[in-house]
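A short worksheet on the structure shown next.
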Amino acid sequence: MQAHLTRRYRFSASHRLHSAELSEAENRATYGKCNNPYGHGHNYALEVTVSGPVDLATGMVCNLVDLDGFVEREVLARYNLENLNTRKEFSQIVPTTENLCMEIFEILQRGFKRAHLEKVRLEETMMNSFEYAGENELRT
Ligand code: NI
């Protein structure tokens, strides 16, 4: 029996949306107040969805201790209370929440082997959120 498990986490980080590919005026026009030089912060909500068979012995898709430990070490410890613009993974790409969502998916995809990673959903505000399920996922 295949089942999905979604777990929710919280972290806070700051960013400034600014592209080296664009002029100052184009940056202001593209990102508006998110381009202000001092940056701004978000309280992100992160949802990680994994899937797999329900283990007969434990009755679980995936041990939450394993998932929480991995997310804590590899994602929350990396980004919580950080300025995303100073991270090397965002030295060449703009730390939009789209790109952060994809980056978190890649971190989990590379390192978390205890269950199949389905998708990552990242809420930036009450009004917007982003989802990423990898390049090669078949969507239903
Ligand atoms: Ni922002």
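By order in the structure tokens, chains are A, B, ...; within a chain, residues start at 1; ligands start at 1, following the order shown.
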
Give me, as CSV, the closest atom pair and its distance (Å, one decimal) for every residue of chain A within a cut-off of 9 Å of ligand 1, counting only C-alpha atoms and all ligand atoms, rows sorted by chain and rising number.
residue,atom,partner,partner_atom_place_in_ligand_line,distance
A:Ser14,CA,ligand 1,1 (Ni),7.4
A:His15,CA,ligand 1,1 (Ni),6.2
A:Arg16,CA,ligand 1,1 (Ni),6.9
A:Leu17,CA,ligand 1,1 (Ni),7.1
A:Lys33,CA,ligand 1,1 (Ni),8.9
A:Cys34,CA,ligand 1,1 (Ni),5.7
A:Asn35,CA,ligand 1,1 (Ni),8.9
A:Gly39,CA,ligand 1,1 (Ni),8.0
A:His40,CA,ligand 1,1 (Ni),6.2
A:Gly41,CA,ligand 1,1 (Ni),6.4
A:His42,CA,ligand 1,1 (Ni),6.4
A:Pro95,CA,ligand 1,1 (Ni),8.8
A:Thr96,CA,ligand 1,1 (Ni),7.0
A:Thr97,CA,ligand 1,1 (Ni),7.5
A:Glu124,CA,ligand 1,1 (Ni),7.4
A:Thr125,CA,ligand 1,1 (Ni),8.7

**Prompt:** Using only C-alpha atoms, which residues sit within 10 Å of A:Ala133 once same-chain residues fewer than 6 positions away are excluded, as a ChimeraX atom specification?
**Reply:** /A:49,101-102,105-106,109,117-121,139

Write the selection just made, keeping N, CA and C atoms, as a PDB file, in the first residue's frame?
ATOM      1  N   THR A  49       6.848  16.516   0.990  1.00  0.00           N
ATOM      2  CA  THR A  49       5.989  15.341   0.780  1.00  0.00           C
ATOM      3  C   THR A  49       6.830  14.177   0.273  1.00  0.00           C
ATOM      4  N   CYS A 101      12.846  27.110  -3.317  1.00  0.00           N
ATOM      5  CA  CYS A 101      12.047  25.880  -3.324  1.00  0.00           C
ATOM      6  C   CYS A 101      12.752  24.787  -4.132  1.00  0.00           C
ATOM      7  N   MET A 102      13.270  25.133  -5.292  1.00  0.00           N
ATOM      8  CA  MET A 102      13.984  24.161  -6.128  1.00  0.00           C
ATOM      9  C   MET A 102      15.268  23.704  -5.451  1.00  0.00           C
ATOM     10  N   PHE A 105      14.438  21.241  -2.751  1.00  0.00           N
ATOM     11  CA  PHE A 105      14.104  19.949  -3.373  1.00  0.00           C
ATOM     12  C   PHE A 105      15.376  19.187  -3.730  1.00  0.00           C
ATOM     13  N   GLU A 106      16.336  19.884  -4.342  1.00  0.00           N
ATOM     14  CA  GLU A 106      17.587  19.228  -4.758  1.00  0.00           C
ATOM     15  C   GLU A 106      18.374  18.698  -3.553  1.00  0.00           C
ATOM     16  N   GLN A 109      16.544  15.610  -2.473  1.00  0.00           N
ATOM     17  CA  GLN A 109      16.696  14.582  -3.512  1.00  0.00           C
ATOM     18  C   GLN A 109      18.071  13.920  -3.439  1.00  0.00           C
ATOM     19  N   LEU A 117      11.056  11.123  -2.586  1.00  0.00           N
ATOM     20  CA  LEU A 117      10.651  12.528  -2.460  1.00  0.00           C
ATOM     21  C   LEU A 117       9.652  12.865  -3.559  1.00  0.00           C
ATOM     22  N   GLU A 118       8.473  13.298  -3.167  1.00  0.00           N
ATOM     23  CA  GLU A 118       7.448  13.672  -4.154  1.00  0.00           C
ATOM     24  C   GLU A 118       7.552  15.137  -4.525  1.00  0.00           C
ATOM     25  N   LYS A 119       7.505  15.998  -3.523  1.00  0.00           N
ATOM     26  CA  LYS A 119       7.562  17.422  -3.852  1.00  0.00           C
ATOM     27  C   LYS A 119       7.889  18.251  -2.617  1.00  0.00           C
ATOM     28  N   VAL A 120       8.265  19.480  -2.907  1.00  0.00           N
ATOM     29  CA  VAL A 120       8.513  20.471  -1.866  1.00  0.00           C
ATOM     30  C   VAL A 120       7.594  21.648  -2.144  1.00  0.00           C
ATOM     31  N   ARG A 121       6.942  22.133  -1.116  1.00  0.00           N
ATOM     32  CA  ARG A 121       6.081  23.317  -1.242  1.00  0.00           C
ATOM     33  C   ARG A 121       6.572  24.346  -0.243  1.00  0.00           C
ATOM     34  N   ARG A 139       3.538  14.014 -13.689  1.00  0.00           N
ATOM     35  CA  ARG A 139       2.492  14.613 -12.845  1.00  0.00           C
ATOM     36  C   ARG A 139       1.147  13.980 -13.176  1.00  0.00           C
TER      37      ARG A 139
END

**Asked** Any idea what's packed within 9 Å of stretch 20-26 of chain A, counting only C-alpha atoms, ignoring anything in its chain fewer than 3 positions away? Could you give it as a PyMOL selection string?
**Response** chain A and resi 29-31+92-94

Set the distance at 12 Å and use only C-alpha atoms: which residues neighbour A:Leu64 once local chain neighbours fewer than 3 positions away are removed? I'd like the list as a PDB file with C-alpha atoms, in the first residue's frame.
ATOM      1  CA  LEU A   5       3.334  11.818   4.007  1.00  0.00           C
ATOM      2  CA  THR A   6       3.585  15.605   4.228  1.00  0.00           C
ATOM      3  CA  ARG A   7       5.484  17.267   7.029  1.00  0.00           C
ATOM      4  CA  ARG A   8       5.517  20.995   7.734  1.00  0.00           C
ATOM      5  CA  VAL A  48       7.996  18.191   2.327  1.00  0.00           C
ATOM      6  CA  THR A  49       5.989  15.341   0.780  1.00  0.00           C
ATOM      7  CA  VAL A  50       7.432  11.841   0.567  1.00  0.00           C
ATOM      8  CA  THR A  58       6.096   0.110  11.805  1.00  0.00           C
ATOM      9  CA  MET A  60       4.751   4.182   8.614  1.00  0.00           C
ATOM     10  CA  VAL A  61       5.818   5.533   5.196  1.00  0.00           C
ATOM     11  CA  LEU A  67      12.914  13.068   8.077  1.00  0.00           C
ATOM     12  CA  ASP A  68      12.953  15.743  10.787  1.00  0.00           C
ATOM     13  CA  GLY A  69      16.628  15.115  11.493  1.00  0.00           C
ATOM     14  CA  PHE A  70      17.564  15.449   7.843  1.00  0.00           C
ATOM     15  CA  VAL A  71      15.496  18.599   7.253  1.00  0.00           C
ATOM     16  CA  GLU A  72      16.821  20.139  10.477  1.00  0.00           C
ATOM     17  CA  ARG A 114      14.621   6.821   3.380  1.00  0.00           C
ATOM     18  CA  ALA A 115      11.560   7.490   1.190  1.00  0.00           C
TER      19      ALA A 115
END

**Request:** Quick one: pick out all helix (DSSP H, G or I) residues within stretch 12-122 of chain A from a backbone DSSP run and write them as a PyMOL selection string.
**Result:** chain A and resi 24-35+64-79+84-86+88-90+97-111

The selected residues should be written to file as a short mmCIF file (atom, residue, chain, number, x, y, z; two decimals), in the first residue's frame (atoms: N, CA and C atoms).
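Final output, result19.cif:
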data_model
loop_
_atom_site.label_atom_id
_atom_site.label_comp_id
_atom_site.auth_asym_id
_atom_site.auth_seq_id
_atom_site.Cartn_x
_atom_site.Cartn_y
_atom_site.Cartn_z
N GLU A 24 20.10 48.68 -12.95
CA GLU A 24 19.46 49.14 -11.71
C GLU A 24 17.98 49.45 -11.95
N ALA A 25 17.72 50.16 -13.07
CA ALA A 25 16.33 50.56 -13.37
C ALA A 25 15.48 49.33 -13.68
N GLU A 26 16.05 48.38 -14.44
CA GLU A 26 15.30 47.16 -14.76
C GLU A 26 15.04 46.33 -13.50
N ASN A 27 16.02 46.29 -12.60
CA ASN A 27 15.82 45.58 -11.34
C ASN A 27 14.67 46.19 -10.54
N ARG A 28 14.67 47.51 -10.47
CA ARG A 28 13.58 48.18 -9.72
C ARG A 28 12.23 47.91 -10.37
N ALA A 29 12.21 47.95 -11.71
CA ALA A 29 10.95 47.71 -12.43
C ALA A 29 10.48 46.26 -12.26
N THR A 30 11.44 45.34 -12.22
CA THR A 30 11.09 43.91 -12.15
C THR A 30 10.67 43.50 -10.75
N TYR A 31 11.44 43.93 -9.75
CA TYR A 31 11.22 43.41 -8.39
C TYR A 31 10.55 44.40 -7.45
N GLY A 32 10.39 45.64 -7.87
CA GLY A 32 9.70 46.62 -7.04
C GLY A 32 10.36 46.79 -5.69
N LYS A 33 9.56 46.80 -4.64
CA LYS A 33 10.13 47.04 -3.31
C LYS A 33 11.01 45.87 -2.83
N CYS A 34 10.88 44.70 -3.45
CA CYS A 34 11.74 43.56 -3.09
C CYS A 34 13.18 43.77 -3.54
N ASN A 35 13.41 44.83 -4.35
CA ASN A 35 14.76 45.17 -4.81
C ASN A 35 15.46 46.15 -3.87
N LEU A 64 9.49 9.67 11.04
CA LEU A 64 9.55 11.14 11.15
C LEU A 64 10.83 11.62 11.82
N VAL A 65 11.38 10.80 12.69
CA VAL A 65 12.65 11.18 13.33
C VAL A 65 13.74 11.33 12.27
N ASP A 66 13.74 10.42 11.28
CA ASP A 66 14.73 10.49 10.20
C ASP A 66 14.49 11.72 9.32
N LEU A 67 13.23 11.93 8.95
CA LEU A 67 12.91 13.07 8.08
C LEU A 67 13.19 14.39 8.80
N ASP A 68 12.73 14.51 10.02
CA ASP A 68 12.95 15.74 10.79
C ASP A 68 14.45 16.00 10.97
N GLY A 69 15.19 14.96 11.27
CA GLY A 69 16.63 15.11 11.49
C GLY A 69 17.32 15.62 10.24
N PHE A 70 16.94 15.04 9.10
CA PHE A 70 17.56 15.45 7.84
C PHE A 70 17.22 16.90 7.50
N VAL A 71 15.93 17.23 7.60
CA VAL A 71 15.50 18.60 7.25
C VAL A 71 16.14 19.61 8.21
N GLU A 72 16.20 19.25 9.48
CA GLU A 72 16.82 20.14 10.48
C GLU A 72 18.29 20.42 10.13
N ARG A 73 19.04 19.34 9.87
CA ARG A 73 20.48 19.47 9.59
C ARG A 73 20.77 20.15 8.26
N GLU A 74 20.07 19.72 7.23
CA GLU A 74 20.44 20.09 5.86
C GLU A 74 19.70 21.31 5.31
N VAL A 75 18.54 21.61 5.88
CA VAL A 75 17.76 22.73 5.35
C VAL A 75 17.61 23.85 6.39
N LEU A 76 17.04 23.53 7.54
CA LEU A 76 16.75 24.58 8.52
C LEU A 76 18.03 25.18 9.07
N ALA A 77 19.01 24.34 9.39
CA ALA A 77 20.27 24.86 9.93
C ALA A 77 20.98 25.73 8.89
N ARG A 78 20.78 25.41 7.61
CA ARG A 78 21.43 26.15 6.54
C ARG A 78 20.79 27.52 6.30
N TYR A 79 19.45 27.59 6.39
CA TYR A 79 18.76 28.80 5.97
C TYR A 79 18.13 29.62 7.08
N LEU A 84 19.81 35.09 2.54
CA LEU A 84 19.95 34.13 1.44
C LEU A 84 20.94 34.62 0.37
N ASN A 85 21.03 35.93 0.20
CA ASN A 85 21.94 36.48 -0.82
C ASN A 85 23.41 36.16 -0.55
N THR A 86 23.75 35.86 0.70
CA THR A 86 25.15 35.58 1.02
C THR A 86 25.50 34.10 0.83
N LYS A 88 26.33 30.63 -1.11
CA LYS A 88 27.00 30.44 -2.39
C LYS A 88 26.05 29.92 -3.48
N GLU A 89 25.03 29.14 -3.08
CA GLU A 89 24.09 28.64 -4.09
C GLU A 89 23.27 29.77 -4.73
N PHE A 90 23.27 30.95 -4.06
CA PHE A 90 22.54 32.09 -4.63
C PHE A 90 23.49 33.20 -5.07
N THR A 97 11.71 32.87 -4.04
CA THR A 97 11.20 31.69 -3.36
C THR A 97 11.05 30.52 -4.33
N GLU A 98 10.85 30.81 -5.62
CA GLU A 98 10.88 29.73 -6.63
C GLU A 98 12.23 29.02 -6.58
N ASN A 99 13.32 29.81 -6.64
CA ASN A 99 14.65 29.20 -6.66
C ASN A 99 14.99 28.53 -5.34
N LEU A 100 14.55 29.10 -4.23
CA LEU A 100 14.79 28.48 -2.92
C LEU A 100 14.05 27.15 -2.82
N CYS A 101 12.85 27.11 -3.32
CA CYS A 101 12.05 25.88 -3.32
C CYS A 101 12.75 24.79 -4.13
N MET A 102 13.27 25.13 -5.29
CA MET A 102 13.98 24.16 -6.13
C MET A 102 15.27 23.70 -5.45
N GLU A 103 15.97 24.63 -4.81
CA GLU A 103 17.21 24.29 -4.12
C GLU A 103 16.94 23.29 -2.98
N ILE A 104 15.90 23.54 -2.21
CA ILE A 104 15.55 22.64 -1.10
C ILE A 104 15.16 21.26 -1.64
N PHE A 105 14.44 21.24 -2.75
CA PHE A 105 14.10 19.95 -3.37
C PHE A 105 15.38 19.19 -3.73
N GLU A 106 16.34 19.88 -4.34
CA GLU A 106 17.59 19.23 -4.76
C GLU A 106 18.37 18.70 -3.55
N ILE A 107 18.39 19.46 -2.45
CA ILE A 107 19.09 19.02 -1.24
C ILE A 107 18.48 17.71 -0.74
N LEU A 108 17.15 17.67 -0.69
CA LEU A 108 16.46 16.46 -0.22
C LEU A 108 16.66 15.31 -1.19
N GLN A 109 16.54 15.61 -2.47
CA GLN A 109 16.70 14.58 -3.51
C GLN A 109 18.07 13.92 -3.44
N ARG A 110 19.09 14.73 -3.23
CA ARG A 110 20.47 14.22 -3.16
C ARG A 110 20.71 13.40 -1.91
N GLY A 111 20.15 13.85 -0.76
CA GLY A 111 20.60 13.27 0.51
C GLY A 111 19.62 12.42 1.27
#

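Shell of A:His116 at 8 Å, with only C-alpha atoms counted and residues fewer than 3 places along the chain excluded, is Val50, Ser51, Gly52 and Lys113 of chain A.
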